[in-house]
file work00.cif (mmCIF, C-alpha atoms)
data_run
loop_
_atom_site.label_atom_id
_atom_site.label_comp_id
_atom_site.auth_asym_id
_atom_site.auth_seq_id
_atom_site.Cartn_x
_atom_site.Cartn_y
_atom_site.Cartn_z
CA MET W 349 16.14 67.61 10.09
CA ASN W 350 18.09 66.66 6.96
CA PHE W 351 17.46 62.96 7.71
CA LEU W 352 13.71 63.49 8.10
CA LYS W 353 13.62 65.54 4.91
CA LYS W 354 15.46 62.81 3.01
CA LEU W 355 13.12 60.18 4.44
CA PHE W 356 10.11 62.27 3.40
CA ASN W 357 11.49 62.61 -0.12
CA VAL W 358 12.09 58.87 -0.35
CA LEU W 359 8.52 58.20 0.76
CA ILE W 360 7.21 60.63 -1.85
CA ILE W 361 9.26 58.90 -4.54
CA VAL W 362 8.07 55.43 -3.44
CA ILE W 363 4.41 56.51 -3.33
CA ALA W 364 4.75 58.17 -6.74
CA ALA W 365 6.36 55.03 -8.18
CA VAL W 366 3.60 52.82 -6.77
CA LEU W 367 0.90 55.10 -8.19
CA ILE W 368 2.61 55.08 -11.59
CA VAL W 369 2.77 51.26 -11.55
CA ILE W 370 -0.92 51.04 -10.56
CA CYS W 371 -1.96 53.46 -13.29
CA LEU W 372 0.13 51.59 -15.84
CA ASP W 373 -1.37 48.30 -14.72
CA LEU W 374 -4.91 49.67 -15.06
CA VAL W 375 -4.23 51.14 -18.51
CA LEU W 376 -2.57 48.00 -19.86
CA ASN W 377 -5.34 45.77 -18.49
CA ARG W 378 -7.95 47.93 -20.20
CA THR W 379 -6.23 48.28 -23.56
CA VAL W 380 -3.93 45.35 -24.31
CA LYS W 381 -5.13 41.94 -25.56
CA THR W 382 -8.79 42.26 -24.61
CA ASN W 383 -9.94 39.61 -27.06
CA TYR W 384 -9.91 35.88 -26.35
CA THR W 385 -7.81 35.18 -29.44
CA ASP W 386 -5.07 37.56 -28.29
CA ILE W 387 -4.41 36.29 -24.76
CA SER W 388 -1.86 33.56 -24.03
CA SER W 389 -2.57 29.98 -25.08
CA VAL W 390 -2.44 28.83 -21.45
CA ASP W 391 -5.06 31.39 -20.42
CA ARG W 392 -7.22 30.53 -23.45
CA THR W 393 -7.12 26.84 -22.55
CA ALA W 394 -8.04 27.46 -18.90
CA LEU W 395 -10.90 29.82 -19.81
CA SER W 396 -12.21 27.36 -22.39
CA GLN W 397 -12.12 24.41 -20.00
CA ILE W 398 -14.03 26.24 -17.27
CA SER W 399 -16.46 27.95 -19.67
CA ASP W 400 -17.16 24.67 -21.48
CA VAL W 401 -18.28 23.09 -18.20
CA ILE W 402 -20.58 26.01 -17.35
CA VAL W 403 -22.18 26.00 -20.82
CA LEU W 404 -22.47 22.20 -20.75
CA PHE W 405 -24.39 22.28 -17.48
CA ASP W 406 -26.59 25.12 -18.71
CA GLU W 407 -27.48 23.72 -22.15
CA LYS W 408 -27.33 19.94 -21.77
CA TYR W 409 -28.16 19.21 -18.17
CA GLY W 410 -30.09 22.18 -16.88
CA ASP W 411 -30.18 22.30 -13.10
CA GLU W 412 -32.15 19.18 -12.27
CA ASN W 413 -30.58 16.25 -14.17
CA VAL W 414 -27.12 16.44 -12.64
CA TRP W 415 -28.15 17.16 -9.09
CA SER W 416 -30.85 19.56 -7.96
CA GLU W 417 -31.64 23.24 -8.24
CA SER W 418 -28.91 23.98 -5.70
CA TYR W 419 -26.23 22.94 -8.18
CA ASN W 420 -26.68 25.39 -11.03
CA LEU W 421 -23.31 26.53 -12.32
CA THR W 422 -24.86 29.50 -14.11
CA GLU W 423 -25.72 30.99 -10.71
CA GLY W 424 -22.18 30.75 -9.32
CA CYS W 425 -19.28 33.17 -9.71
CA TYR W 426 -15.74 31.96 -10.29
CA VAL W 427 -12.18 33.24 -10.03
CA ILE W 428 -9.36 31.51 -11.91
CA THR W 429 -5.76 32.59 -11.39
CA ARG W 430 -2.65 31.56 -13.26
CA THR W 431 0.32 30.83 -11.04
CA LEU W 432 3.95 31.37 -11.99
CA GLY W 433 5.74 29.40 -9.30
CA LEU W 434 5.00 31.25 -6.07
CA LEU W 435 4.02 34.38 -8.00
CA LYS W 436 0.53 35.39 -9.03
CA GLY W 437 -0.19 35.66 -12.74
CA THR W 438 -3.32 36.77 -14.54
CA THR W 439 -6.66 36.52 -12.75
CA TYR W 440 -10.04 36.17 -14.48
CA VAL W 441 -13.53 36.44 -13.02
CA ILE W 442 -16.20 34.32 -14.74
CA ASN W 443 -19.98 34.73 -14.60
CA ALA W 444 -20.01 37.87 -12.47
CA ASP W 445 -20.83 41.43 -13.51
CA MET W 446 -17.64 43.42 -12.94
CA SER W 447 -18.51 46.20 -15.40
CA ASP W 448 -18.47 48.87 -12.68
CA SER W 449 -14.98 47.98 -11.48
CA ILE W 450 -12.04 50.06 -12.71
CA PHE W 451 -9.89 46.98 -12.16
CA ALA W 452 -11.82 44.78 -14.60
CA GLN W 453 -11.74 44.48 -18.37
CA ARG W 454 -14.22 42.26 -20.18
CA ILE W 455 -12.66 39.69 -22.49
CA GLU W 456 -14.50 39.10 -25.75
CA MET W 457 -15.17 35.35 -25.72
CA PRO W 458 -16.08 33.11 -28.70
CA SER W 459 -19.76 33.13 -29.66
CA LYS W 460 -20.29 29.54 -28.47
CA TYR W 461 -20.16 30.82 -24.90
CA GLY W 462 -23.10 33.14 -25.47
CA ASN W 463 -23.27 36.00 -23.00
CA LEU W 464 -21.11 34.34 -20.35
CA PRO W 465 -19.24 37.30 -18.82
CA VAL W 466 -15.47 36.91 -18.42
CA TYR W 467 -13.33 39.70 -16.96
CA ARG W 468 -9.58 40.00 -16.65
CA MET W 469 -8.60 41.68 -13.41
CA ALA W 470 -5.73 44.13 -13.05
CA MET W 471 -2.77 42.85 -11.06
CA CYS W 472 -3.38 45.57 -8.46
CA THR W 473 -7.00 44.56 -7.78
CA PRO W 474 -7.27 44.79 -3.96
CA GLN W 475 -9.33 41.62 -3.47
CA MET W 476 -6.92 39.62 -5.65
CA LEU W 477 -3.61 40.70 -4.10
CA PHE W 478 -3.47 37.67 -1.77
CA LEU W 479 -3.80 35.15 -4.61
CA PHE W 480 -0.15 34.12 -4.70
CA GLY W 481 1.43 30.73 -4.14
CA SER W 482 -1.20 28.23 -3.03
CA SER W 483 -3.43 30.87 -1.44
CA GLY W 484 -6.94 31.01 -2.84
CA ASP W 485 -6.82 27.63 -4.56
CA ASN W 486 -9.93 25.45 -4.50
CA CYS W 487 -11.77 27.58 -1.97
CA VAL W 488 -14.44 30.24 -1.67
CA ILE W 489 -13.34 33.88 -1.50
CA SER W 490 -15.25 37.13 -1.08
CA VAL W 491 -15.08 39.69 -3.88
CA GLY W 492 -17.21 42.69 -3.01
CA ASP W 493 -20.66 41.38 -2.15
CA ASP W 494 -20.15 38.10 -4.01
CA GLU W 495 -18.91 34.73 -2.81
CA MET W 496 -16.78 33.20 -5.56
CA TYR W 497 -15.16 29.82 -6.05
CA SER W 498 -11.43 30.33 -6.64
CA ILE W 499 -9.20 27.90 -8.51
CA LYS W 500 -5.56 28.05 -9.67
CA TYR W 501 -3.96 26.81 -12.88
CA ASN W 502 -0.59 26.88 -14.60
CA SER W 503 0.98 25.88 -17.90
CA GLY W 504 1.11 22.26 -16.75
CA SER W 505 -2.27 21.80 -15.09
CA VAL W 506 -4.27 22.86 -18.17
CA SER W 507 -2.96 19.75 -19.92
CA TYR W 508 -3.68 17.34 -17.07
CA SER W 509 -6.27 14.63 -17.62
CA GLY W 510 -8.31 12.34 -15.42
CA MET W 511 -8.91 13.22 -11.80
CA ASP W 512 -6.21 15.90 -11.99
CA SER W 513 -7.75 17.83 -14.88
CA LEU W 514 -8.86 21.42 -14.41
CA GLU W 515 -12.43 20.52 -15.43
CA THR W 516 -12.61 17.78 -12.79
CA LYS W 517 -11.23 20.10 -10.14
CA PHE W 518 -13.78 22.74 -11.13
CA VAL W 519 -16.77 20.36 -11.07
CA THR W 520 -15.95 18.98 -7.63
CA GLY W 521 -14.91 22.33 -6.15
CA SER W 522 -17.95 24.21 -7.42
CA PHE W 523 -20.18 21.45 -6.03
CA ASP W 524 -18.70 22.08 -2.60
CA MET W 525 -19.32 25.81 -2.99
CA LEU W 526 -22.93 25.53 -4.14
CA VAL W 527 -24.13 22.39 -2.33
CA ASN W 528 -21.76 21.45 0.50
CA THR W 529 -22.22 24.70 2.37
CA GLU W 530 -21.19 25.60 5.92
CA ASP W 531 -24.47 24.10 7.14
CA THR W 532 -23.64 20.69 5.67
CA PRO W 533 -22.81 18.09 8.36
CA THR W 534 -19.12 17.25 8.72
CA ALA W 535 -17.40 14.09 9.91
CA ASP W 536 -15.71 13.75 13.28
CA ASN W 537 -12.10 13.03 12.37
CA SER W 538 -11.39 11.66 15.83
CA VAL W 539 -13.56 8.61 15.09
CA VAL W 540 -11.34 6.00 13.44
CA TYR W 541 -12.22 2.84 11.51
CA ASP W 542 -10.47 -0.18 13.03
CA THR W 543 -8.49 -2.00 10.33
CA SER W 544 -6.94 -4.33 12.94
CA SER W 545 -10.31 -6.00 13.54
CA VAL W 546 -10.85 -8.93 11.17
CA ASP W 547 -14.60 -8.92 11.80
CA ASN W 548 -14.85 -5.20 11.09
CA VAL W 549 -12.92 -5.40 7.81
CA ALA W 550 -14.67 -8.60 6.73
CA LEU W 551 -18.11 -7.06 7.22
CA THR W 552 -16.99 -4.14 5.04
CA GLY W 553 -15.98 -6.65 2.38
CA LEU W 554 -19.38 -8.30 2.66
CA GLN W 555 -21.05 -4.92 2.17
CA TYR W 556 -18.89 -4.39 -0.93
CA ARG W 557 -20.13 -7.67 -2.37
CA ILE W 558 -23.72 -6.57 -1.83
CA ILE W 559 -23.07 -3.11 -3.31
CA ASP W 560 -21.77 -4.76 -6.50
CA GLU W 561 -25.02 -6.70 -6.74
CA LEU W 562 -27.11 -3.59 -6.04
CA LEU W 563 -25.43 -1.65 -8.83
CA ASN W 564 -26.23 -4.43 -11.27
CA CYS W 565 -29.63 -5.67 -10.11
CA ALA W 566 -32.36 -5.85 -12.72
CA ASN W 567 -35.66 -5.25 -10.93
CA ARG W 568 -37.27 -3.78 -7.83
CA ASP W 569 -37.86 -7.12 -6.06
CA GLU W 570 -34.21 -8.10 -6.38
CA MET W 571 -33.19 -4.65 -5.20
CA ASN W 572 -35.43 -4.88 -2.12
CA GLU W 573 -33.78 -8.14 -1.06
CA LEU W 574 -30.30 -6.69 -1.62
CA ILE W 575 -31.16 -3.54 0.32
CA ALA W 576 -32.35 -5.70 3.20
CA GLU W 577 -29.09 -7.66 3.15
CA TYR W 578 -27.04 -4.48 3.03
CA VAL W 579 -28.84 -2.90 5.99
CA ILE W 580 -28.63 -6.09 8.08
CA VAL W 581 -24.86 -6.37 7.49
CA ARG W 582 -24.13 -2.68 8.00
CA GLU W 583 -26.08 -2.54 11.24
CA GLU W 584 -24.21 -5.62 12.46
CA GLN W 585 -20.88 -4.00 11.69
CA LEU W 586 -21.73 -0.73 13.43
CA GLY W 587 -22.88 -2.58 16.52
CA GLY W 588 -24.56 0.53 17.92
CA ASN W 589 -21.47 2.72 17.40
CA ARG W 590 -23.40 5.83 16.44
CA GLN W 591 -20.30 8.03 16.37
CA LEU W 592 -18.68 5.90 13.69
CA ALA W 593 -21.99 5.60 11.85
CA HIS W 594 -22.46 9.38 11.80
CA SER W 595 -18.87 9.99 10.69
CA GLN W 596 -19.19 7.52 7.80
CA GLU W 597 -22.53 8.93 6.72
CA CYS W 598 -21.17 12.50 6.75
CA ILE W 599 -18.39 11.54 4.33
CA GLU W 600 -20.82 9.57 2.20
CA LEU W 601 -23.01 12.68 2.10
CA THR W 602 -20.41 15.32 1.22
CA ASP W 603 -17.76 13.43 -0.73
CA GLY W 604 -20.07 10.74 -2.08
CA CYS W 605 -22.55 13.16 -3.64
CA ARG W 606 -19.66 15.09 -5.18
CA GLN W 607 -18.27 11.89 -6.70
CA HIS W 608 -21.71 10.92 -7.99
CA VAL W 609 -22.05 14.20 -9.90
CA LEU W 610 -18.56 13.84 -11.33
CA TYR W 611 -19.29 10.31 -12.60
CA ASN W 612 -22.48 11.53 -14.26
CA VAL W 613 -20.82 14.30 -16.25
CA SER W 614 -17.35 12.81 -16.80
CA ALA W 615 -18.11 11.40 -20.25
CA GLU W 616 -19.07 14.87 -21.47
CA LEU W 617 -15.79 16.23 -20.09
CA GLY W 618 -13.78 13.85 -22.25
CA GLU W 619 -13.38 11.33 -19.46
CA ASN W 620 -15.51 8.40 -18.32
CA PHE W 621 -14.90 8.02 -14.62
CA THR W 622 -16.29 5.31 -12.47
CA TYR W 623 -15.58 4.08 -8.97
CA PHE W 624 -12.01 3.94 -7.66
CA ASN W 625 -10.94 6.54 -10.24
CA LYS W 626 -11.07 3.98 -13.01
CA TYR W 627 -12.51 4.37 -16.47
CA LYS W 628 -15.40 2.61 -18.13
CA PRO W 629 -15.36 -0.04 -19.48
CA ASP W 630 -12.22 -0.93 -17.51
CA ASP W 631 -13.72 -0.18 -14.10
CA ILE W 632 -13.31 -2.58 -11.21
CA LYS W 633 -15.98 -3.76 -8.82
CA PHE W 634 -16.11 -2.88 -5.15
CA TYR W 635 -15.18 -6.40 -4.15
CA SER W 636 -12.21 -6.39 -6.52
CA ALA W 637 -11.00 -3.19 -4.90
CA PHE W 638 -11.41 -4.85 -1.50
CA TYR W 639 -9.17 -7.68 -2.70
CA TYR W 640 -6.49 -5.25 -3.92
CA ILE W 641 -6.52 -3.40 -0.61
CA CYS W 642 -6.37 -6.52 1.56
CA THR W 643 -3.58 -8.11 -0.46
CA GLY W 644 -1.31 -5.07 -0.29
CA GLN W 645 -1.77 -3.96 -3.89
CA TYR W 646 -3.27 -0.62 -2.85
CA GLN W 647 -0.44 1.90 -3.02
CA SER W 648 -1.79 4.43 -0.53
CA ASP W 649 -2.61 4.41 3.17
CA THR W 650 -5.26 1.76 3.87
CA ASN W 651 -6.34 3.51 7.08
CA GLU W 652 -6.98 6.70 5.13
CA TYR W 653 -8.90 4.69 2.56
CA PHE W 654 -11.26 3.10 5.07
CA ASN W 655 -11.71 6.35 7.00
CA LYS W 656 -12.22 8.67 4.03
CA LEU W 657 -12.00 7.64 0.37
CA GLY W 658 -13.80 4.33 0.73
CA ASN W 659 -16.78 6.09 2.33
CA ALA W 660 -16.86 8.55 -0.59
CA TYR W 661 -17.13 5.68 -3.08
CA VAL W 662 -19.83 4.00 -1.01
CA GLY W 663 -21.73 7.30 -0.83
CA ALA W 664 -21.59 7.66 -4.61
CA ALA W 665 -22.79 4.07 -5.03
CA LEU W 666 -25.72 4.67 -2.66
CA CYS W 667 -26.64 7.73 -4.73
CA GLU W 668 -26.79 5.45 -7.75
CA VAL W 669 -28.93 2.97 -5.84
CA LEU W 670 -31.37 5.73 -4.83
CA ASP W 671 -31.54 6.85 -8.44
CA LYS W 672 -31.73 3.42 -10.02
CA PHE W 673 -35.40 2.67 -9.58
CA ASN W 674 -36.46 6.14 -8.41
CA ILE W 675 -37.28 4.66 -5.02
CA ILE W 676 -37.17 8.11 -3.38
CA PRO W 677 -37.96 10.74 -6.06
CA ASP W 678 -36.75 13.78 -4.09
CA TRP W 679 -33.65 12.19 -2.56
CA ARG W 680 -31.33 14.90 -3.91
CA GLU W 681 -33.42 17.67 -2.39
CA GLN W 682 -33.56 15.82 0.92
CA LEU W 683 -29.77 15.52 0.99
CA ASP W 684 -29.43 19.21 0.14
CA GLY W 685 -31.41 20.03 3.28
CA SER W 686 -29.31 17.86 5.58
CA THR W 687 -27.87 19.65 8.62
CA ASN W 688 -26.40 18.58 11.95
CA GLU W 689 -29.75 19.30 13.58
CA ASP W 690 -31.82 17.56 10.88
CA PHE W 691 -29.40 14.94 9.59
CA ILE W 692 -30.23 13.02 6.42
CA SER W 693 -27.85 10.77 4.50
CA GLN W 694 -28.03 8.28 1.66
CA TYR W 695 -27.91 5.43 4.14
CA SER W 696 -30.56 6.90 6.44
CA MET W 697 -32.94 7.12 3.46
CA ILE W 698 -32.11 3.59 2.33
CA LYS W 699 -32.65 2.35 5.88
CA GLU W 700 -36.02 4.13 6.01
CA TYR W 701 -36.94 2.53 2.67
CA TYR W 702 -35.91 -0.84 4.11
CA ASN W 703 -38.16 -0.38 7.14
CA GLU W 704 -41.14 0.51 4.96
CA ASN W 705 -40.73 -1.75 1.92
CA CYS W 706 -38.62 -4.81 2.73
CA ALA W 707 -40.71 -6.57 5.36
CA GLU W 708 -40.46 -10.00 3.72
CA TYR W 709 -36.65 -9.95 4.00
CA LYS W 710 -36.21 -8.50 7.50
CA ASP W 711 -35.98 -11.91 9.13
CA LYS W 712 -33.10 -13.00 6.93
CA SER W 713 -30.27 -14.06 9.21
CA LEU W 714 -26.73 -12.73 9.00
CA GLU W 715 -25.41 -16.29 8.76
CA VAL W 716 -27.53 -16.97 5.68
CA ILE W 717 -26.22 -13.78 4.06
CA LYS W 718 -22.61 -14.69 4.90
CA LYS W 719 -23.00 -18.14 3.38
CA ALA W 720 -24.51 -16.73 0.19
CA TYR W 721 -21.46 -14.50 -0.38
CA ASN W 722 -18.69 -16.95 0.63
CA TYR W 723 -17.83 -15.10 3.83
CA THR W 724 -14.95 -17.49 4.58
CA GLU W 725 -13.06 -16.06 1.61
CA ILE W 726 -13.83 -12.50 2.75
CA GLU W 727 -12.54 -13.27 6.25
CA SER W 728 -9.33 -14.61 4.77
CA MET W 729 -8.75 -11.31 2.98
CA ALA W 730 -9.58 -9.34 6.12
CA SER W 731 -7.07 -11.42 8.08
CA ALA W 732 -4.40 -10.59 5.51
CA LEU W 733 -5.04 -6.89 5.93
CA ALA W 734 -4.88 -7.21 9.71
CA GLY W 735 -1.55 -9.00 9.33
CA ASN W 736 -2.79 -12.23 10.84
CA THR W 737 -2.41 -14.55 7.86
CA SER W 738 -2.07 -14.67 4.08
CA VAL W 739 -4.91 -14.83 1.59
CA MET W 740 -5.94 -18.40 0.83
#

call {"tool": "encode", "arguments": {"input": "work00.cif", "output": "structure tokens"}}
result
Amino acid sequence: MNFLKKLFNVLIIVIAAVLIVICLDLVLNRTVKTNYTDISSVDRTALSQISDVIVLFDEKYGDENVWSESYNLTEGCYVITRTLGLLKGTTYVINADMSDSIFAQRIEMPSKYGNLPVYRMAMCTPQMLFLFGSSGDNCVISVGDDEMYSIKYNSGSVSYSGMDSLETKFVTGSFDMLVNTEDTPTADNSVVYDTSSVDNVALTGLQYRIIDELLNCANRDEMNELIAEYVIVREEQLGGNRQLAHSQECIELTDGCRQHVLYNVSAELGENFTYFNKYKPDDIKFYSAFYYICTGQYQSDTNEYFNKLGNAYVGAALCEVLDKFNIIPDWREQLDGSTNEDFISQYSMIKEYYNENCAEYKDKSLEVIKKAYNYTEIESMASALAGNTSVM
């Protein structure tokens, strides 16, 4: 009996201590440093970076110039959490009404952010308790009835630049939340691009040459001829392999559209991204990147590049092609509606445009196209990648 009584007393003490800590947490969250100027410099920087992007999209771009109505940052809700090693630091909720929550305290933000609501959440907030370590980073979480995009930061990440910056991470992650939903088609990871095939790699290089020309063409007639060349070469490479075609187009759809949006807004974010994570005006062309990869100057896994990242860059380039001469006015909306049952991709729209508008170039032979782009040189590079020979 004495043991049970002692155990009961210990439980009472533990419960009382937990309740005291919770009450203290709630009181401190409500009363201490509730103004933007009073919180830590790291938290201020993170809040400013995220809020600047939301205001930028709202005031400068609206919801139609960057992508479509589906990508409107003012309609999303966001959770940002500071990490302290494996521990969870302060959590803020942005652009959601948390006024009825006893766990939330509104932070008075600078006037340039208008009425953008920002709330600091108490450490004991039930929905936020799991946000420790890497949990809840760059993903969608449920908070009450709301789906929110969650992102982590620390004292180092708020000073990162380029593709690692918090703003970049937020733009790409929020795009996935708002546009690349669970209904968006996904690639079959079991389908693998064959880098050991010289013909396969060389035809990719040939497509890269044509993409460079497409991105720099000056008029609709020139573009029609280049689109015809691109479709003829791509269809030759696929050789009826619809599984590989679908996998590539899925990555072009999801990752490519995300990259396209990032390139469009990067200058306003203090960056100026272009393809292959380079910066304008020092960007490299697709064919130059192909040369770097084939000659061993690419520092990462070439198989991963051809199966994933390369398709993302191609997808972004095809977005630019679709936009260039407004050849399909509602192409963004069409891509938004793409599902596994009703699949639409950048390439499927370009191929449809080719069938309807490029009749005079459909009879162009593959051999003529190869000769025009010095295919012998491209084959030499492909052979180097396959390990068969060195680049001439």

call {"tool": "closest_residue", "arguments": {"input": "work00.cif", "among": "W:Ser396, W:Thr439, W:Thr516, W:Ser648", "to": "Leu464 (chain W)", "atoms": "only C-alpha atoms"}}
result
W:Ser396

call {"tool": "closest_residue", "arguments": {"input": "work00.cif", "among": "W:Asn463, W:Thr552, W:Thr422, W:Ser614", "to": "Gly510 (chain W)", "atoms": "all atoms listed in the file"}}
result
W:Ser614

call {"tool": "residues_around", "arguments": {"input": "work00.cif", "residues": "Gln397 (chain W)", "least_positions_apart": "3", "cutoff": "8 Å", "atoms": "only C-alpha atoms", "output": "VMD selection string"}}
result
chain W and resid 393 to 394 400 to 401 514 to 515

call {"tool": "write_last_selection", "arguments": {"input": "work00.cif", "atoms": "C-alpha atoms", "output": "JSON list (two decimals), in the frame of the given file"}}
result
[["chain", "number", "residue", "atom", "x", "y", "z"],
["W", 393, "THR", "CA", -7.12, 26.84, -22.55],
["W", 394, "ALA", "CA", -8.04, 27.46, -18.90],
["W", 400, "ASP", "CA", -17.16, 24.67, -21.48],
["W", 401, "VAL", "CA", -18.28, 23.09, -18.20],
["W", 514, "LEU", "CA", -8.86, 21.42, -14.41],
["W", 515, "GLU", "CA", -12.43, 20.52, -15.43]]

call {"tool": "closest_residue", "arguments": {"input": "work00.cif", "among": "W:Asp542, W:Tyr721, W:Glu561, W:Gln607", "to": "Leu586 (chain W)", "atoms": "all atoms listed in the file"}}
result
W:Asp542

call {"tool": "closest_residue", "arguments": {"input": "work00.cif", "among": "W:Leu683, W:Ile370, W:Val390, W:Leu395", "to": "Val527 (chain W)", "atoms": "all atoms listed in the file"}}
result
W:Leu683

call {"tool": "closest_residue", "arguments": {"input": "work00.cif", "among": "W:Phe518, W:Met511, W:Met476, W:Glu583", "to": "Tyr623 (chain W)", "atoms": "only C-alpha atoms"}}
result
W:Met511

call {"tool": "resolve_selection", "arguments": {"input": "work00.cif", "expression": "the PyMOL selection byres ((chain W and resi 694) around 8)", "output": "PyMOL selection string"}}
result
chain W and resi 597+600-601+663+666-667+670+683+692-693+695-698

call {"tool": "closest_residue", "arguments": {"input": "work00.cif", "among": "W:Gln453, W:Asn443, W:Asn620, W:Ser389", "to": "Ser509 (chain W)", "atoms": "all atoms listed in the file"}}
result
W:Asn620

call {"tool": "atom_distance", "arguments": {"input": "work00.cif", "atom1": "CA of Ser731 (chain W)", "atom2": "CA of Val546 (chain W)"}}
result
5.5 Å

call {"tool": "residues_around", "arguments": {"input": "work00.cif", "residues": "Val540 (chain W)", "least_positions_apart": "5", "cutoff": "9 Å", "atoms": "all atoms listed in the file", "output": "PDB file with C-alpha atoms, in the frame of the given file"}}
result
ATOM      1  CA  LEU W 592     -18.680   5.900  13.690  1.00  0.00           C
ATOM      2  CA  SER W 595     -18.870   9.990  10.690  1.00  0.00           C
ATOM      3  CA  ASN W 651      -6.340   3.510   7.080  1.00  0.00           C
ATOM      4  CA  PHE W 654     -11.260   3.100   5.070  1.00  0.00           C
ATOM      5  CA  ASN W 655     -11.710   6.350   7.000  1.00  0.00           C
TER       6      ASN W 655
END

call {"tool": "resolve_selection", "arguments": {"input": "work00.cif", "expression": "the PyMOL selection byres ((chain W and resi 619) around 12)", "output": "ChimeraX atom specification"}}
result
/W:508-513,515-516,610-618,620-622,625-629

call {"tool": "write_last_selection", "arguments": {"input": "work00.cif", "atoms": "C-alpha atoms", "output": "PDB file, in the coordinates of the input"}}
result
ATOM      1  CA  TYR W 508      -3.680  17.340 -17.070  1.00  0.00           C
ATOM      2  CA  SER W 509      -6.270  14.630 -17.620  1.00  0.00           C
ATOM      3  CA  GLY W 510      -8.310  12.340 -15.420  1.00  0.00           C
ATOM      4  CA  MET W 511      -8.910  13.220 -11.800  1.00  0.00           C
ATOM      5  CA  ASP W 512      -6.210  15.900 -11.990  1.00  0.00           C
ATOM      6  CA  SER W 513      -7.750  17.830 -14.880  1.00  0.00           C
ATOM      7  CA  GLU W 515     -12.430  20.520 -15.430  1.00  0.00           C
ATOM      8  CA  THR W 516     -12.610  17.780 -12.790  1.00  0.00           C
ATOM      9  CA  LEU W 610     -18.560  13.840 -11.330  1.00  0.00           C
ATOM     10  CA  TYR W 611     -19.290  10.310 -12.600  1.00  0.00           C
ATOM     11  CA  ASN W 612     -22.480  11.530 -14.260  1.00  0.00           C
ATOM     12  CA  VAL W 613     -20.820  14.300 -16.250  1.00  0.00           C
ATOM     13  CA  SER W 614     -17.350  12.810 -16.800  1.00  0.00           C
ATOM     14  CA  ALA W 615     -18.110  11.400 -20.250  1.00  0.00           C
ATOM     15  CA  GLU W 616     -19.070  14.870 -21.470  1.00  0.00           C
ATOM     16  CA  LEU W 617     -15.790  16.230 -20.090  1.00  0.00           C
ATOM     17  CA  GLY W 618     -13.780  13.850 -22.250  1.00  0.00           C
ATOM     18  CA  ASN W 620     -15.510   8.400 -18.320  1.00  0.00           C
ATOM     19  CA  PHE W 621     -14.900   8.020 -14.620  1.00  0.00           C
ATOM     20  CA  THR W 622     -16.290   5.310 -12.470  1.00  0.00           C
ATOM     21  CA  ASN W 625     -10.940   6.540 -10.240  1.00  0.00           C
ATOM     22  CA  LYS W 626     -11.070   3.980 -13.010  1.00  0.00           C
ATOM     23  CA  TYR W 627     -12.510   4.370 -16.470  1.00  0.00           C
ATOM     24  CA  LYS W 628     -15.400   2.610 -18.130  1.00  0.00           C
ATOM     25  CA  PRO W 629     -15.360  -0.040 -19.480  1.00  0.00           C
TER      26      PRO W 629
END

call {"tool": "residues_around", "arguments": {"input": "work00.cif", "residues": "Glu708 (chain W)", "least_positions_apart": "2", "cutoff": "10 Å", "atoms": "all atoms listed in the file", "output": "PyMOL selection string"}}
result
chain W and resi 572-573+576+705-706+710-712

call {"tool": "resolve_selection", "arguments": {"input": "work00.cif", "expression": "the PyMOL selection byres ((chain W and resi 718) around 12)", "output": "MDAnalysis selection string"}}
result
chainID W and resid 550:555 557:558 577:578 580:581 584 712:717 719:727

call {"tool": "residues_around", "arguments": {"input": "work00.cif", "residues": "Phe451 (chain W)", "least_positions_apart": "3", "cutoff": "10 Å", "atoms": "all atoms listed in the file", "output": "number ranges by chain"}}
result
W: 370, 373-375, 377-378, 446-448, 467-474

call {"tool": "write_last_selection", "arguments": {"input": "work00.cif", "atoms": "C-alpha atoms", "output": "PDB file, keeping the file's coordinate frame"}}
result
ATOM      1  CA  ILE W 370      -0.920  51.040 -10.560  1.00  0.00           C
ATOM      2  CA  ASP W 373      -1.370  48.300 -14.720  1.00  0.00           C
ATOM      3  CA  LEU W 374      -4.910  49.670 -15.060  1.00  0.00           C
ATOM      4  CA  VAL W 375      -4.230  51.140 -18.510  1.00  0.00           C
ATOM      5  CA  ASN W 377      -5.340  45.770 -18.490  1.00  0.00           C
ATOM      6  CA  ARG W 378      -7.950  47.930 -20.200  1.00  0.00           C
ATOM      7  CA  MET W 446     -17.640  43.420 -12.940  1.00  0.00           C
ATOM      8  CA  SER W 447     -18.510  46.200 -15.400  1.00  0.00           C
ATOM      9  CA  ASP W 448     -18.470  48.870 -12.680  1.00  0.00           C
ATOM     10  CA  TYR W 467     -13.330  39.700 -16.960  1.00  0.00           C
ATOM     11  CA  ARG W 468      -9.580  40.000 -16.650  1.00  0.00           C
ATOM     12  CA  MET W 469      -8.600  41.680 -13.410  1.00  0.00           C
ATOM     13  CA  ALA W 470      -5.730  44.130 -13.050  1.00  0.00           C
ATOM     14  CA  MET W 471      -2.770  42.850 -11.060  1.00  0.00           C
ATOM     15  CA  CYS W 472      -3.380  45.570  -8.460  1.00  0.00           C
ATOM     16  CA  THR W 473      -7.000  44.560  -7.780  1.00  0.00           C
ATOM     17  CA  PRO W 474      -7.270  44.790  -3.960  1.00  0.00           C
TER      18      PRO W 474
END
